[in-house]
Amino acid sequence: MRRLIFIICGFCAISSFGQNQGSVNATFNLSQVAMLDLEPNNSTVTLNLSSAIEAGEMAVVVMTNNEKWINFSSAVTSAAAPRSISIKIEDGQVPAGIYLKLSTSNYVGIGQGVLGLPAGILTLDSTPQTIISGIKGAYTGDGINNGYKLNYYLEIYDYKLLDFNQTATLSITLTLSDL
Amino acid sequence: MKNLFFIAFLVISNSLFGQGIDITVTGGWVNNISPSDISEAGNDYPTPYTSTINQTLLTIIPKNYKKLIYVYVTRSDIAWHNNLTLKIRRTSNGTNNNNTINGGLLYQTITSAPSPVTTLFTCEGPFINLSFQYEITGISVVLPVQSYATTIMYTVMH
């Protein structure tokens, strides 16, 4: 009798129950990204030295449009080495008696990720120098007030070498790379 | 020995009298996320990404047309990241002879264990080629570059 009840219950359970499964896959393939941009534009930075107003005073550095913002987007594998941004004078020579200096601010903006660290103040020459290091998967945000602010300026190191009739046009390159 | 007979009985009677449901699921989603999707340096990928409206087609053929069928969906991850959220919505009634179908028209998150499974919709009777669309959020340059994959499991039950 007990067995019969058991069998009936089992039969009822089976006859009222049905289940089946099917599946598909979803795959998202991400790629490496390395994009770099200057904001508000990559127009020419103009730095002028003008003679002192009164005898005994220092020459005056007049700067126009000398601030730029670095924006970047970077995507790397988890095993990849951190990236960095380097700068160098690609073409042209800084006039004698002055240094072309670059100050890189701390990061500001709406970006996220591993955004790296700035090198601070550098004297630019034709050798690549790292201005931001330790970048991994990150984006700075787009436009001014996002990313790292670059400030170009001149510093006189030897007055006797200055030639106020001299003009130099320099081409400067910024590179985002895996190092 | 008794137990063995009973198990054999369940298996045989299930095939003879059980009210099973046949289903067919076709159409996965492979999305190659391109760096060209990023409009300008400094930006992230645009989000969300959506599939076509008929990315997956589901056909349900129950043996008993009168019973309410529950359709559940869940995720079984192959390689995943916690920042990613996969959603699904039903975009058609398929071919159905005016059978009843309810729910699933708004995006719902597809969860993975141990979270409860998502009840996608309910229906009665057979449905051929119900279509589904997916949406993924959280795709970002911040994520490590790799392939992220999951298996989307459809379970029908009554």
# chains A, B, ... in the order shown; residues from 1 in each chain; ligands from 1
>>> select_by_dssp(residues="range 43-109 of chain A", states="strand (DSSP E or B)", output="PyMOL selection string")
chain A and resi 46-50+60-64+67-75+83-91+98-104+108
>>> write_last_selection(atoms="C-alpha atoms", output="mmCIF file, in the first residue's frame")
data_model
loop_
_atom_site.group_PDB
_atom_site.id
_atom_site.type_symbol
_atom_site.label_atom_id
_atom_site.label_comp_id
_atom_site.auth_asym_id
_atom_site.auth_seq_id
_atom_site.Cartn_x
_atom_site.Cartn_y
_atom_site.Cartn_z
ATOM 1 C CA THR A 46 54.174 82.229 -28.045
ATOM 2 C CA LEU A 47 56.798 83.210 -25.492
ATOM 3 C CA ASN A 48 58.551 86.574 -25.847
ATOM 4 C CA LEU A 49 61.307 88.286 -23.977
ATOM 5 C CA SER A 50 61.035 92.036 -23.933
ATOM 6 C CA VAL A 60 60.186 90.681 -19.055
ATOM 7 C CA VAL A 61 58.821 87.383 -20.304
ATOM 8 C CA VAL A 62 55.578 87.867 -22.201
ATOM 9 C CA MET A 63 53.585 84.687 -22.720
ATOM 10 C CA THR A 64 50.557 84.132 -24.904
ATOM 11 C CA GLU A 67 48.648 76.827 -21.227
ATOM 12 C CA LYS A 68 47.483 73.544 -22.675
ATOM 13 C CA TRP A 69 45.599 70.593 -21.266
ATOM 14 C CA ILE A 70 46.547 66.990 -21.973
ATOM 15 C CA ASN A 71 43.549 64.709 -22.464
ATOM 16 C CA PHE A 72 44.025 60.993 -22.967
ATOM 17 C CA SER A 73 42.179 57.685 -23.088
ATOM 18 C CA SER A 74 44.130 54.549 -22.310
ATOM 19 C CA ALA A 75 43.106 50.893 -22.100
ATOM 20 C CA ARG A 83 52.194 53.816 -19.839
ATOM 21 C CA SER A 84 53.768 57.213 -19.819
ATOM 22 C CA ILE A 85 53.623 60.473 -21.741
ATOM 23 C CA SER A 86 56.902 61.947 -22.872
ATOM 24 C CA ILE A 87 57.797 65.246 -24.452
ATOM 25 C CA LYS A 88 60.689 66.425 -26.575
ATOM 26 C CA ILE A 89 61.654 69.234 -28.904
ATOM 27 C CA GLU A 90 61.252 67.589 -32.271
ATOM 28 C CA ASP A 91 62.541 70.408 -34.379
ATOM 29 C CA ILE A 98 67.183 80.849 -21.970
ATOM 30 C CA TYR A 99 65.574 77.601 -20.963
ATOM 31 C CA LEU A 100 62.203 76.470 -22.218
ATOM 32 C CA LYS A 101 60.511 75.082 -19.139
ATOM 33 C CA LEU A 102 57.356 73.046 -18.748
ATOM 34 C CA SER A 103 55.314 72.690 -15.608
ATOM 35 C CA THR A 104 52.806 69.794 -15.446
ATOM 36 C CA VAL A 108 42.041 67.455 -12.307
#
>>> closest_atom_pairs(of="chain A", to="chain B", cutoff="6 Å", atoms="only C-alpha atoms", output="CSV")
residue,atom,partner,partner_atom,distance
A:Ile14,CA,B:Gly18,CA,5.4
A:Ser15,CA,B:Gly18,CA,4.4
A:Phe17,CA,B:His158,CA,5.9
A:Gly18,CA,B:Gly20,CA,4.2
A:Gln19,CA,B:Met157,CA,4.3
A:Asn20,CA,B:Val156,CA,5.4
A:Gln21,CA,B:Thr155,CA,4.5
A:Gly22,CA,B:Tyr154,CA,5.2
A:Ser23,CA,B:Met153,CA,4.4
A:Val24,CA,B:Gly28,CA,4.9
A:Asn25,CA,B:Thr151,CA,4.4
A:Ala26,CA,B:Trp29,CA,4.6
A:Thr27,CA,B:Ala149,CA,4.3
A:Phe28,CA,B:Asn31,CA,4.9
A:Asn29,CA,B:Ser147,CA,4.3
A:Leu30,CA,B:Ile33,CA,5.3
A:Ser31,CA,B:Val145,CA,5.8
A:Val33,CA,B:Pro35,CA,5.9
A:Met35,CA,B:Ala41,CA,5.0
A:Leu36,CA,B:Ala41,CA,5.3
A:Asp37,CA,B:Ala41,CA,5.6
A:Asn71,CA,B:Gly42,CA,4.6
A:Phe72,CA,B:Gly42,CA,4.3
A:Ser73,CA,B:Gly42,CA,4.9
A:Ala75,CA,B:Val141,CA,4.7
A:Val76,CA,B:Val145,CA,5.3
A:Thr77,CA,B:Val145,CA,4.4
A:Ser78,CA,B:Pro144,CA,5.1
A:Gly113,CA,B:Val142,CA,5.3
A:Gly137,CA,B:Val142,CA,4.2
A:Ala138,CA,B:Val142,CA,5.0
A:Tyr139,CA,B:Gly42,CA,5.0
A:Thr140,CA,B:Gly42,CA,4.8
A:Gly141,CA,B:Gly42,CA,4.4
A:Asp142,CA,B:Gly42,CA,4.5
>>> residues_around(residues="Gln108 in chain B", least_positions_apart="2", cutoff="9 Å", atoms="only C-alpha atoms", output="list in words")
Leu86, Lys87, Ile88, Arg89, Gly104, Leu105, Leu106, Ile110, Thr118 and Leu120 of chain B
>>> write_last_selection(atoms="N, CA and C atoms", output="JSON list (two decimals), in the first residue's frame")
[["chain", "number", "residue", "atom", "x", "y", "z"],
["B", 86, "LEU", "N", 24.52, 43.27, -17.68],
["B", 86, "LEU", "CA", 23.87, 42.80, -18.90],
["B", 86, "LEU", "C", 22.36, 42.77, -18.68],
["B", 87, "LYS", "N", 21.64, 43.40, -19.60],
["B", 87, "LYS", "CA", 20.17, 43.46, -19.49],
["B", 87, "LYS", "C", 19.53, 42.84, -20.72],
["B", 88, "ILE", "N", 18.29, 42.48, -20.55],
["B", 88, "ILE", "CA", 17.55, 41.83, -21.64],
["B", 88, "ILE", "C", 16.12, 42.37, -21.67],
["B", 89, "ARG", "N", 15.56, 42.41, -22.88],
["B", 89, "ARG", "CA", 14.14, 42.71, -23.00],
["B", 89, "ARG", "C", 13.56, 41.92, -24.17],
["B", 104, "GLY", "N", 8.33, 41.18, -19.63],
["B", 104, "GLY", "CA", 9.61, 41.09, -20.33],
["B", 104, "GLY", "C", 9.87, 42.18, -21.34],
["B", 105, "LEU", "N", 8.97, 43.17, -21.43],
["B", 105, "LEU", "CA", 9.13, 44.18, -22.48],
["B", 105, "LEU", "C", 10.09, 45.30, -22.08],
["B", 106, "LEU", "N", 10.34, 45.42, -20.79],
["B", 106, "LEU", "CA", 11.30, 46.42, -20.31],
["B", 106, "LEU", "C", 12.61, 45.71, -19.96],
["B", 110, "ILE", "N", 20.14, 40.74, -16.12],
["B", 110, "ILE", "CA", 20.36, 39.29, -16.05],
["B", 110, "ILE", "C", 21.39, 39.05, -14.95],
["B", 118, "THR", "N", 16.16, 35.89, -12.87],
["B", 118, "THR", "CA", 15.21, 36.88, -13.33],
["B", 118, "THR", "C", 14.05, 36.18, -14.03],
["B", 120, "LEU", "N", 11.61, 36.40, -16.64],
["B", 120, "LEU", "CA", 11.57, 37.26, -17.82],
["B", 120, "LEU", "C", 10.14, 37.52, -18.26]]
>>> atom_distance(atom1="CA of Ile53 in chain B", atom2="CA of Asn98 in chain B")
21.3 Å
>>> atom_distance(atom1="CA of Thr47 in chain B", atom2="CA of Gln133 in chain B")
15.5 Å
